[in-house]
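> One structure is given below, represented as structure tokens, and several questions about it will come after.
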Amino acid sequence: VAEVNWTALTVFVVLFAFITWLGFAAAKWRAGDLDLLHEWGLGGRRFGTVITWFLIGGDVYTAYTFIAVPALAFGAGAIAFFAVPYAILIYPILFLVFPRLWHVCHKHHYITAGDFVRGRYGNRWLALAVTVTGIVATMPYIALQLVGLQVVIGAMGVSGTGYMADLPLLIAFIILAAFTYSSGLRAPASIAIVKDILIYVTAFVAVIAIPIQMGGFDKIFAAVPPAKILLAVPGPTTTGSYGVYATLVLGSALALFLYPHSVTAILSASSGRAVRRNGALLPSYTFMLGLLALMGFFAIATGVGTNPEYAAGFKQFGNSFAVPALFLHSFPAWFVGVAFAAVGIGALVPAAIMSIAAANLYTRNIHREFINRNPTDKEEAQIAKWVSLIVKLGALVFIVFVPTQYAIQLQLLGGIWIIQTVPSVMLGVYTRWFNDWALLVGWAVGTAVGTTMAVSVNFAAAYPLAFGGMTFPGYTAFYTVILNVVIAIVLTPVFNAMGGKRIDETVAVDYQA
Amino acid sequence: VRSRYGAGQERPTAPGFLGTKRRGEKMNGQSTKRSGWSWWYLLLAVQFVFLLWVPSYNRLEPSWIGVPFFYWYQLLWVIISGILTAIVYFATE
């Protein structure tokens, strides 16, 4: 049994106490009537450029990212760095597409992507498809944030048997649930500022201090097996790892801002201009992600993987223990506390936004659409608050009772599912050319084929597509969204010919400043 | 067109910085519409070309302070992409 690292734990607990206070105090920040859904669930759409930077940053670069990306570098090498071009290419997309979504949603009081699809296509079933996809893709994502939290709590030597083992996680979760319920999106928005500062400090200290300890980057990369430093050069009949890398980058980039938590953060901005500005400002966060990815190599070079001191941690958490072990090995105990608090708080911020986003979706596009058509404003906000609790409880139960492996597999599937909303939402902000039923069929086929492909390769991210004697291994989400779009294009004239009314409550000027 | 969701419940957005008039705002308070397309947007495509062309950077040399090309090149593109987007922002604002 590992000993408790009291210094680190004390720093960790103090920082957690601070953000707990902040989360509750946030209710009074730029105060609004929290009995209105757009006040609770979108912070009253009042966040300017700077807060939006922290909020989207806090949302996209999650605790899971900080643990999983270096873990992938530690285990598999260069392929993990796909996270960097991915987190570069999301921003031109944010810059071009999402101010348009912001404008139309602001104009029509839309709170979710489901609201937008409902208004744009007048088809409640297509809106339901987008909604369910969003909720289902988000759930395992929330669960994985808890894994990040679990790893750092375990790394501080806090352990127990039976139900006691999950007690720290439970406490963190009650805190999260309580401040989300009472303050809505204002809580993660304010805590994100603390989180981002802590993460930045941790990453820069690590990327400067550890190479100095190790005697320079030369020494670090010399210690990494050569096969891990670069992508394997593909053979003559395949696009190999190059194709995998490029499709992972593009597919992940297309999907990211369609996740409900991303949409929520974008719509809470005070203007389309704040979103555009962040297209240029947020890459500074990607730079930090790149530094963190390198930590996987630092971990290899320090030899923590074979150090008996950390054997128990690696046994319990696998490669996810690489970064915590590196920090324990390289930092004084108090700074370990800071770094672990950064990861732990980095779990709470996105988990809060995700649960709010899922709650908004349920409330607007399922409850209001199919159960109670005319709720009062207060009822609507109250439903969302309860749903945010249920969603989080679901994630907690999942992580306590189901092996982590399933959460990881479901999160991979989530990426395949959410990208299927590209035609309805992302292309939808540009064109109403597509027939809504054609979009629905495209979505269904993309989702079904994507899921089947992922299961057939045992939940690997890449599927070896073969034709003409060549193999094109690539990200399943990317291949299936192409299929989805092709189906929607082919079926649009067919469904149009069958008649039916073309509904669109938005007009072209709604999409512009 | 009437909105489906409770109109009039939201406050108007705050005025621009220090209450000054926003650019593109006319005296009657109506903003001039930004047109949908600008050729400047093509500049955003540059980063897609360079980053998706993986074989162009999957190599060790030239390394920089001991960091293989593969890594520092992609980190450099983080900075370039931020600058490109900023240029497009100011050119189209």
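Chain labels follow the order of the structure tokens: the first chain is A, the next B, and so on; residue numbering restarts at 1 in every chain, and ligands are counted from 1 in their shown order.
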Only residues of chain A matter here; which ones have an atom within 8 Å of chain B, counting only C-alpha atoms? Give them as an MDAnalysis selection string.

chainID A and resid 44 46 81 84:85 88:89 92 95 108:110 119 216:219 221 230:231 242 245:246 249:250 270:271 276:277 279:284 286:287 290 505:506 509 512:513

> Can you pull out the residues contacting region 26-38 of chain A? Cut-off 8 Å, using only C-alpha atoms, and skip same-chain residues under 4 positions away; I want them as JSON, numbers by chain.

{"A": [22, 42, 43, 44, 45, 46, 111, 182, 183, 184, 186, 187, 190, 360, 377, 378, 380, 381, 382, 384]}

> With C-alpha atoms retained, could you export that selection as a short mmCIF file (atom, residue, chain, number, x, y, z; two decimals), in the first residue's frame?


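Output contents, as saved in selection_16.cif:
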```cif
data_model
loop_
_atom_site.label_atom_id
_atom_site.label_comp_id
_atom_site.auth_asym_id
_atom_site.auth_seq_id
_atom_site.Cartn_x
_atom_site.Cartn_y
_atom_site.Cartn_z
CA LEU A 22 -15.66 30.03 -6.30
CA LEU A 42 -25.71 29.65 -21.09
CA GLY A 43 -24.60 32.16 -18.46
CA GLY A 44 -27.02 34.66 -20.00
CA ARG A 45 -24.88 34.73 -23.20
CA ARG A 46 -22.80 37.37 -21.48
CA ILE A 111 -29.80 27.14 -26.71
CA SER A 182 -26.84 26.24 -8.01
CA SER A 183 -24.73 28.39 -10.37
CA GLY A 184 -25.16 26.82 -13.81
CA ARG A 186 -21.20 30.55 -14.43
CA ALA A 187 -19.54 27.99 -12.12
CA SER A 190 -15.17 31.06 -13.27
CA ASN A 360 -30.07 21.79 -22.02
CA ASP A 377 -39.57 29.49 -17.85
CA LYS A 378 -39.02 28.40 -14.28
CA GLU A 380 -37.85 24.60 -17.92
CA ALA A 381 -34.82 25.74 -15.90
CA GLN A 382 -35.74 23.42 -13.04
CA ALA A 384 -32.47 21.21 -16.69
#
```

> Just the helix (DSSP H, G or I) stuff from region 106-196 of chain A, please, per backbone DSSP, written as a PyMOL selection string.

chain A and resi 106-108+113-121+124-155+162-183+186-196

> Rank A:Val490, A:Val387, A:Ala358, A:Val4 by their smallest atom-to-atom distance to Val130 (chain A), using only C-alpha atoms, and report the top residue only.

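Of A:Val490, A:Val387, A:Ala358, A:Val4, the one nearest Val130 (chain A), counting only C-alpha atoms, is A:Ala358.
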
> What's around Val224 (chain A) at 8 Å? Count only C-alpha atoms, leave out sequence neighbours fewer than 4 positions away in its own chain, and write the answer as a PyMOL selection string.

chain A and resi 220+228-229+297+300-301
